[in-house]
Amino acid sequence: MTTCEDPSGYRPEEEKEFMDILEERRRSSDLGHALRTFTPSPYKGAPPLSAGALNRKVLESQYLRYITKEVAMETGESVDLVREEASGILEEMSQNLQLGFIRLLGFTLSKVFKRLFSHINVNQEGLNRLQQAIQESPVILMPNHRSYVDFLVLSYILFTYDLPIPVIAAGIPLMDMKMVGEILRRSGAFFIRRAIGSDKLYWAVLSEYVKTIVRTGYAPVEFYVEGLRSRTLKSLTPKLGMMHMVLEPFFKGEVYDIKLVPISISYDRVLEESLLAHELLGVPKPRETTMGLLKARRVLEEDYGSMHVYFGMPLSVRQLTKGRVDRCEYNLLPRDLPQRPSVETQECVSWLAQQVIRVQEQNSILSPWSLMACLVLQGHQNRDPAGEEQEKGLSWELLTQKTLRLKGLAISFGARLDWPEQLPENQVMASSMALHRSVIRCHRGRVTLLEEEEGPVGAGPFTTEEGVVRRARAVLMVAAYRNQALHVFIRPAMLALAVHTTQGSRREDIYSSFRFLLDLFSNDFIFITGRSSQDFEEACSLLRKCGAVQTSQQEVTSPEEGQSTTSFLRALLQPFIDAYQVVFSHLCVEDVAVFTERQMVPAVRSLATKLLLSGELKSYEALSSDTQKNVLSALLRLGAVTRLRTAEHGEFRANKPAIRRLADTLAGRLPVQTAPNPRL
């Protein structure tokens with residue numbers, strides 16, 4: 001079977017053993033665990049350095065001295081005043097890691113995690129590899145970001161296994177939480193403002209702080225390459241600011257190598273699932289406060305199943321960048337002077353980030369519910385809202401049959417599943433669905449979304465628009481778990497759609513359609529730059545293996561016996577196609593010329609609501625603000641929307657003919673006419 005290769009050459013299926021770190025915690029003292037001897041082995045070249053000494057090293061660096069003089073000249077302020085401002089920024093930002101607070105956090109988290117999760121499964125071999133990497137090179141921990149629990153569980157695991165506690169890039173709202181912010185700071189968090197903009201001094205302090213940690217091997221650095229917590233539970237387009245900072249010491253020859261460690265965190269059930277769905281429907285995210293955290297204590301009464309944490313093979317930056325970056329360019333200026341990275345370096349950093357995300361996806365663990373969610377949503381979307389006689393939902397028997405077939409398909413595509421083979425299949429599925437009883441139920445043999453039913457007893461009637469929101473909330477909550485599985489199916493799904501929409505069966509034409517889809521949807525799904533040909537061959541191989549397509553050097557065809565598989569795969573993409581077409585329709589109306597994102601999102605949501613109520617649209621996922629914003633990003637990238645440079649409020653202008661061409665090409669009404677993005 002052809003799969004996208006881990007750049008290290010390592011295959012995740014070679015390692016199957018996970019250890020439940022909560023098993024020992026349920027048998028022994030949490031206090032004893034927190035107070036035990038903690039003697040991690042540091043990076044071999046790391047001198048003992050306190051948090052205060054680290055800060056002084058940053059403030060006294062030649063780079064920051066140079067920038068403070070530049071800022072003083074540009075603003076007319078004195079150098080001393082600018083240096084004082086830089087010191088204040090660093091004081092606000094910096095961590096103050098203290099073992100006592102790590103022990104306090106370890107004790108507290110033992111109690112909390114045992115209440116929340118039945119298991120926290122960790123791959124032991126991954127931790128052994130990490131321990132070795134930490135002693136050899138500066139290490140960058142790069143987890144995916146699906147929950148506020150992510151960074152807490154990673155620090156807890158490292159503490160449990162006697163590994164150095166990382167310093168963690170965190171958003172500044174966490175710092176503002178009374179007491180909690182200070183506990184996090186003393187547990188290794190350093191805080192970054194969300195809107196830095198063009199603040200030259202802030203950028204300089206932040207970058208020098210991060211680079212000093214990497215250069216000195218002070219501690220592993222942990223940050224989310226996606227930048228934000230994913231509200232859809234699928235991978236986000238990488239943010240490259242921190243990536244550039246941690247890699248610069250290698251590019252400048254200040255360290256021999258840096259190891260990037262992709263970490264895949266997979267949840268049976270995410271604590272914030274309802275909150276995420278509401279945010280996607282336009283409900284503002286609540287401000288992080290200590291009082292809000294205390295009110296959230298009721299989550300301790302819920303069951304969130306298991307989580308899996310997979311520490312991937314450490315990736316050598318030195319090996320991966322060989323032949324991709326000419327580091328000699330950094331010798332042209334003194335290391336202490338600021339230097340803008342070349343186009344070559346920027347492309348390499350972006351490629352590295354994509355590689356990390358791809359490995360995160362390959363190493364993620366799918367629950368049975370992720371597979372069931374794929375089928376539940378397709379059954380919901382195919383139901384005719386006007387069909388009074390049609391029964392709601394899927395029959396349990398049919399869902400079971402389809403899930404077991406999908407399980408086989410997912411495994412053949414290379415998915416890693418948490419499916420207890422020693423238990424009856426019905427029991428595995430029923431247990432998985434029971435975990436999500438807040439949004440789905442099985443009644444009289446029919447599986448339905450709860451929000452499709454009548455409201456609670458005693459509740460008054462709700463408007464048709466409120467009904468749409470209720471159903472959308474349920475759909476988006478289930479869709480999030482389906483999204484966890486999309487990386488397994490996305491390339492075969494795009495090939496299935498390309499075969500379906502392309503006139504004829506010429507391999508060259510189908511490949512052009514495939515590349516068009518990769519290009520159009522590359523803000524919703526992460527593809528590695530320059531790999532479109534390999535992605536196409538991988539998709540052909542996977543679908544050929546399961547009998548869904550037949551290929552030759554000239555043709556790609558779909559035989560009759562493969563129609564059920566290709567139909568399922570196309571249906572996975574349909575909610576995204578519908579959402580894109582709704583945005584295209586809105587931007588092509590006469591009165592939309594110049595617009596902002598803030599104007600577009602509610603307008604598209606209003607249009608989607610009308611289309612859902614009229615029955616012209618079946619996909620409630622078209623109401624997702626994240627998908628709508630991804631469409632705008634895609635249109636900008638493809639040149640169908642332009643940003644007005646003179647605008648103060650992020651205004652855009654739509655190229656309506658170009659958008660119509662994209663809409664017609666996506667629908668198969670037009671062949672792919674222009675050359676796809678050469679970066680693919």
# chains A, B, ... in the order shown; residues from 1 in each chain; ligands from 1
>>> select_by_dssp(residues="range 448-650 of chain A", states="alpha helix (DSSP H)", output="number ranges by chain")
A: 464-483, 486-501, 507-520, 532-545, 563-587, 597-614, 625-638
>>> residues_around(residues="range 465-469 of chain A", least_positions_apart="2", cutoff="8 Å", atoms="only C-alpha atoms", output="JSON, numbers by chain")
{"A": [281, 462, 463, 471, 472, 473, 609, 612, 613, 620]}
>>> atom_distance(atom1="CA of Leu127 in chain A", atom2="CA of Ser306 in chain A")
19.0 Å
>>> residues_around(residues="Phe159 in chain A", least_positions_apart="5", cutoff="9 Å", atoms="only C-alpha atoms", output="list in words")
Ala34, Phe38, Pro40, Ile102, Arg103, Gly106, Leu154, Pro164 and Ile165 of chain A
>>> write_last_selection(atoms="N, CA, C and O atoms", output="mmCIF file, in the first residue's frame")
data_model
loop_
_atom_site.group_PDB
_atom_site.id
_atom_site.type_symbol
_atom_site.label_atom_id
_atom_site.label_comp_id
_atom_site.auth_asym_id
_atom_site.auth_seq_id
_atom_site.Cartn_x
_atom_site.Cartn_y
_atom_site.Cartn_z
ATOM 1 N N ALA A 34 3.586 13.123 43.170
ATOM 2 C CA ALA A 34 3.961 14.531 43.009
ATOM 3 C C ALA A 34 5.270 14.854 43.724
ATOM 4 O O ALA A 34 6.036 15.715 43.256
ATOM 5 N N PHE A 38 12.668 13.924 41.258
ATOM 6 C CA PHE A 38 12.515 14.308 39.840
ATOM 7 C C PHE A 38 13.881 14.759 39.328
ATOM 8 O O PHE A 38 14.369 15.830 39.675
ATOM 9 N N PRO A 40 15.414 14.860 35.755
ATOM 10 C CA PRO A 40 15.478 14.685 34.299
ATOM 11 C C PRO A 40 16.889 14.936 33.767
ATOM 12 O O PRO A 40 17.662 15.711 34.335
ATOM 13 N N ILE A 102 5.387 22.687 39.605
ATOM 14 C CA ILE A 102 5.198 21.496 38.782
ATOM 15 C C ILE A 102 4.630 20.367 39.640
ATOM 16 O O ILE A 102 3.722 19.634 39.226
ATOM 17 N N ARG A 103 5.145 20.247 40.849
ATOM 18 C CA ARG A 103 4.634 19.213 41.759
ATOM 19 C C ARG A 103 3.171 19.484 42.129
ATOM 20 O O ARG A 103 2.349 18.568 42.170
ATOM 21 N N GLY A 106 1.171 18.622 39.179
ATOM 22 C CA GLY A 106 1.130 17.172 39.022
ATOM 23 C C GLY A 106 0.124 16.523 39.957
ATOM 24 O O GLY A 106 -0.634 15.633 39.550
ATOM 25 N N LEU A 154 0.540 17.116 28.355
ATOM 26 C CA LEU A 154 1.921 16.878 27.923
ATOM 27 C C LEU A 154 2.906 17.112 29.066
ATOM 28 O O LEU A 154 3.818 16.307 29.291
ATOM 29 N N PRO A 164 12.522 16.457 31.014
ATOM 30 C CA PRO A 164 12.507 17.900 31.283
ATOM 31 C C PRO A 164 11.165 18.538 30.935
ATOM 32 O O PRO A 164 10.577 18.250 29.888
ATOM 33 N N ILE A 165 10.689 19.400 31.823
ATOM 34 C CA ILE A 165 9.433 20.117 31.591
ATOM 35 C C ILE A 165 9.673 21.184 30.520
ATOM 36 O O ILE A 165 10.639 21.948 30.593
#
>>> residues_around(residues="Arg26 in chain A", least_positions_apart="3", cutoff="10 Å", atoms="only C-alpha atoms", output="PDB file with C-alpha atoms, in the first residue's frame")
ATOM      1  CA  ILE A  21      -0.445   6.316  32.681  1.00  0.00           C
ATOM      2  CA  LEU A  22      -3.601   6.541  34.812  1.00  0.00           C
ATOM      3  CA  GLU A  23      -3.463   2.855  35.709  1.00  0.00           C
ATOM      4  CA  SER A  29      -0.672   7.786  46.085  1.00  0.00           C
ATOM      5  CA  ASP A  30      -1.081  10.971  44.060  1.00  0.00           C
ATOM      6  CA  SER A 110      -3.703  13.396  38.820  1.00  0.00           C
ATOM      7  CA  LYS A 111      -7.015  14.047  40.588  1.00  0.00           C
ATOM      8  CA  LYS A 114      -8.733  10.360  36.829  1.00  0.00           C
TER       9      LYS A 114
END
>>> closest_atom_pairs(of="range 118-141 of chain A", to="range 209-217 of chain A", cutoff="12 Å", atoms="only C-alpha atoms", output="CSV")
residue,atom,partner,partner_atom,distance
A:Ala133,CA,A:Gly217,CA,11.8
A:Ile134,CA,A:Gly217,CA,8.8
A:Gln135,CA,A:Gly217,CA,9.4
A:Glu136,CA,A:Gly217,CA,9.9
A:Ser137,CA,A:Gly217,CA,7.7
A:Pro138,CA,A:Gly217,CA,5.3
A:Val139,CA,A:Val214,CA,7.8
A:Ile140,CA,A:Val214,CA,8.5
A:Leu141,CA,A:Val214,CA,11.8
>>> atom_distance(atom1="CA of Lys322 in chain A", atom2="CA of Thr345 in chain A")
11.8 Å
